[in-house]
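Data first, discussion second: the structure below is written as structure tokens.
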Amino acid sequence: MIGKVDDRNRALVDLQFRRTPNSSVANVTAWIDTAFDGHLVFPAPLIEELKLESLAETEAILADGSKVTLETFVGYLAWFGTLIPLQAVANVGKLPLLGTGLLEGHVLHIDYVNKALTIA
């Protein structure tokens with residue numbers, strides 16, 4: 001999987017996400033967040049746009065150490081040739097985040113000199 005590093009040095013990767021296994025594909029650009037141990041975080045407006053189905057609430061610890069309860073939503077991600085079901089956590093950020101839950105078992109290489117990114 002090929003990504004890029006943008007002008008603000010954010011490591012970004014384009015994902016293909018679906019509401020259901022048979023729904024149309026939504027192309028989503030996610031910021032890789034190695035401090036997040038889950039799969040995906042989606043901003044609330046994106047969740048509304050995709051019309052994702054609510055799944056459950058989950059406890060989370062933020063970077064500042066505070067605990068919050070966040071709503072999760074179910075969806076399907078095309079990940080290395082397989083359509084996988086997963087939960088996306090809702091937040092108020094501007095960009096979707098991809099966490100280490102999806103990177104486990106893969107090699108992430110970020111080249112800031114050439115503004116390139118690969119996940120293998």
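Residue numbering restarts at 1 for every chain of the structure tokens, chains are lettered A, B, ... in their displayed order, and ligands are numbered from 1 as they appear.
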Distance query range 9-15 of chain A at most 10 Å, only C-alpha atoms, self and fewer than 2 positions along chain excluded, as a VMD selection string: chain A and resid 1 to 7 17 to 18 25 to 33 77 to 79 95 to 98 109 to 112 115 to 119
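For the pair CA of Glu104 in chain A and CA of Lys67 in chain A, the interatomic distance is 24.3 Å.
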Residues of range 36-119 of chain A in strand (DSSP E), written as a PyMOL selection string: chain A and resi 40-43+53-61+67-79+82-91+97-98+108-111+116-119
Dump as a compact mmCIF listing (two decimals), in the first residue's frame, selection limited to N, CA and C atoms:
```txt
# COMPACT_ATOMS: atom_id res chain seq x y z
N LEU A 40 -9.61 2.56 13.30
CA LEU A 40 -9.89 3.83 12.63
C LEU A 40 -10.63 4.78 13.55
N VAL A 41 -10.35 6.05 13.40
CA VAL A 41 -11.13 7.12 14.01
C VAL A 41 -11.66 7.96 12.87
N PHE A 42 -12.97 8.20 12.88
CA PHE A 42 -13.59 9.03 11.84
C PHE A 42 -14.21 10.26 12.47
N PRO A 43 -14.06 11.43 11.84
CA PRO A 43 -14.76 12.62 12.30
C PRO A 43 -16.28 12.42 12.15
N GLU A 53 -23.68 2.73 10.63
CA GLU A 53 -24.56 2.22 11.67
C GLU A 53 -23.83 2.21 13.01
N SER A 54 -24.49 2.76 14.03
CA SER A 54 -23.92 2.80 15.37
C SER A 54 -23.74 1.38 15.89
N LEU A 55 -22.62 1.14 16.57
CA LEU A 55 -22.32 -0.19 17.08
C LEU A 55 -22.38 -0.22 18.61
N ALA A 56 -21.59 0.61 19.27
CA ALA A 56 -21.52 0.61 20.73
C ALA A 56 -20.76 1.85 21.18
N GLU A 57 -20.66 1.99 22.49
CA GLU A 57 -19.80 3.01 23.07
C GLU A 57 -18.57 2.33 23.63
N THR A 58 -17.45 3.05 23.64
CA THR A 58 -16.21 2.51 24.17
C THR A 58 -15.50 3.56 25.00
N GLU A 59 -14.76 3.10 25.99
CA GLU A 59 -13.94 3.98 26.80
C GLU A 59 -12.62 4.21 26.07
N ALA A 60 -12.12 5.43 26.13
CA ALA A 60 -10.83 5.75 25.50
C ALA A 60 -10.03 6.66 26.43
N ILE A 61 -8.73 6.54 26.34
CA ILE A 61 -7.83 7.43 27.06
C ILE A 61 -7.15 8.30 26.02
N LYS A 67 -9.98 10.39 30.37
CA LYS A 67 -10.83 9.29 29.90
C LYS A 67 -12.13 9.86 29.35
N VAL A 68 -12.55 9.30 28.21
CA VAL A 68 -13.79 9.73 27.57
C VAL A 68 -14.54 8.50 27.07
N THR A 69 -15.83 8.66 26.85
CA THR A 69 -16.65 7.63 26.22
C THR A 69 -16.95 8.08 24.80
N LEU A 70 -16.65 7.21 23.84
CA LEU A 70 -16.84 7.54 22.43
C LEU A 70 -17.75 6.51 21.77
N GLU A 71 -18.52 6.96 20.81
CA GLU A 71 -19.39 6.06 20.06
C GLU A 71 -18.60 5.40 18.94
N THR A 72 -18.91 4.13 18.68
CA THR A 72 -18.26 3.42 17.57
C THR A 72 -19.31 3.05 16.53
N PHE A 73 -18.83 2.90 15.30
CA PHE A 73 -19.68 2.61 14.15
C PHE A 73 -19.06 1.47 13.36
N VAL A 74 -19.90 0.66 12.75
CA VAL A 74 -19.42 -0.48 11.98
C VAL A 74 -19.29 -0.10 10.51
N GLY A 75 -18.27 -0.67 9.87
CA GLY A 75 -18.05 -0.46 8.45
C GLY A 75 -17.11 -1.54 7.93
N TYR A 76 -16.75 -1.43 6.66
CA TYR A 76 -15.91 -2.44 6.01
C TYR A 76 -14.78 -1.74 5.26
N LEU A 77 -13.59 -2.23 5.48
CA LEU A 77 -12.39 -1.65 4.89
C LEU A 77 -11.72 -2.64 3.96
N ALA A 78 -11.37 -2.18 2.76
CA ALA A 78 -10.56 -2.98 1.85
C ALA A 78 -9.12 -2.87 2.34
N TRP A 79 -8.58 -3.98 2.85
CA TRP A 79 -7.26 -3.96 3.48
C TRP A 79 -6.43 -5.12 2.94
N THR A 82 -8.50 -7.82 1.09
CA THR A 82 -9.60 -8.44 1.82
C THR A 82 -10.52 -7.35 2.37
N LEU A 83 -11.81 -7.58 2.27
CA LEU A 83 -12.79 -6.66 2.85
C LEU A 83 -13.02 -7.09 4.30
N ILE A 84 -12.59 -6.25 5.24
CA ILE A 84 -12.69 -6.64 6.65
C ILE A 84 -13.69 -5.76 7.40
N PRO A 85 -14.49 -6.37 8.27
CA PRO A 85 -15.39 -5.58 9.11
C PRO A 85 -14.58 -4.99 10.26
N LEU A 86 -14.89 -3.77 10.63
CA LEU A 86 -14.23 -3.17 11.78
C LEU A 86 -15.07 -2.03 12.34
N GLN A 87 -14.65 -1.55 13.49
CA GLN A 87 -15.35 -0.42 14.08
C GLN A 87 -14.53 0.84 13.92
N ALA A 88 -15.23 1.91 13.60
CA ALA A 88 -14.62 3.23 13.52
C ALA A 88 -15.10 4.02 14.72
N VAL A 89 -14.18 4.62 15.44
CA VAL A 89 -14.50 5.43 16.60
C VAL A 89 -14.79 6.85 16.14
N ALA A 90 -15.85 7.44 16.67
CA ALA A 90 -16.22 8.82 16.31
C ALA A 90 -15.41 9.81 17.13
N ASN A 91 -15.02 10.91 16.49
CA ASN A 91 -14.39 12.00 17.23
C ASN A 91 -14.73 13.33 16.57
N LEU A 97 -8.22 8.94 11.32
CA LEU A 97 -6.95 8.42 11.82
C LEU A 97 -6.90 6.91 11.62
N LEU A 98 -5.74 6.39 11.24
CA LEU A 98 -5.51 4.96 11.12
C LEU A 98 -4.54 4.58 12.23
N LEU A 108 5.51 -0.52 8.37
CA LEU A 108 5.23 0.86 7.98
C LEU A 108 6.57 1.55 7.74
N HIS A 109 6.73 2.14 6.56
CA HIS A 109 7.94 2.88 6.24
C HIS A 109 7.53 4.29 5.82
N ILE A 110 8.03 5.28 6.55
CA ILE A 110 7.74 6.67 6.23
C ILE A 110 9.06 7.34 5.87
N ASP A 111 9.12 7.88 4.66
CA ASP A 111 10.32 8.55 4.15
C ASP A 111 10.01 10.04 4.06
N ALA A 116 7.28 10.04 1.00
CA ALA A 116 6.67 8.78 0.58
C ALA A 116 6.35 7.91 1.78
N LEU A 117 5.40 7.02 1.61
CA LEU A 117 4.98 6.11 2.66
C LEU A 117 4.59 4.78 2.05
N THR A 118 4.98 3.70 2.69
CA THR A 118 4.52 2.38 2.27
C THR A 118 4.12 1.57 3.50
N ILE A 119 3.11 0.73 3.31
CA ILE A 119 2.72 -0.26 4.29
C ILE A 119 2.78 -1.60 3.57
```
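Taking only C-alpha atoms into account, Asp37 in chain A lies nearest to A:Leu102 out of the set A:Val107, A:Leu102, A:Leu50, A:Val113.
Among the residues of range 24-78 of chain A, backbone DSSP assigns helix (DSSP H, G or I) to A:Ala44, A:Pro45, A:Leu46, A:Ile47, A:Glu48, A:Glu49, A:Leu50.
Going from CA of His39 in chain A over to CA of His106 in chain A, you cover 13.5 Å.
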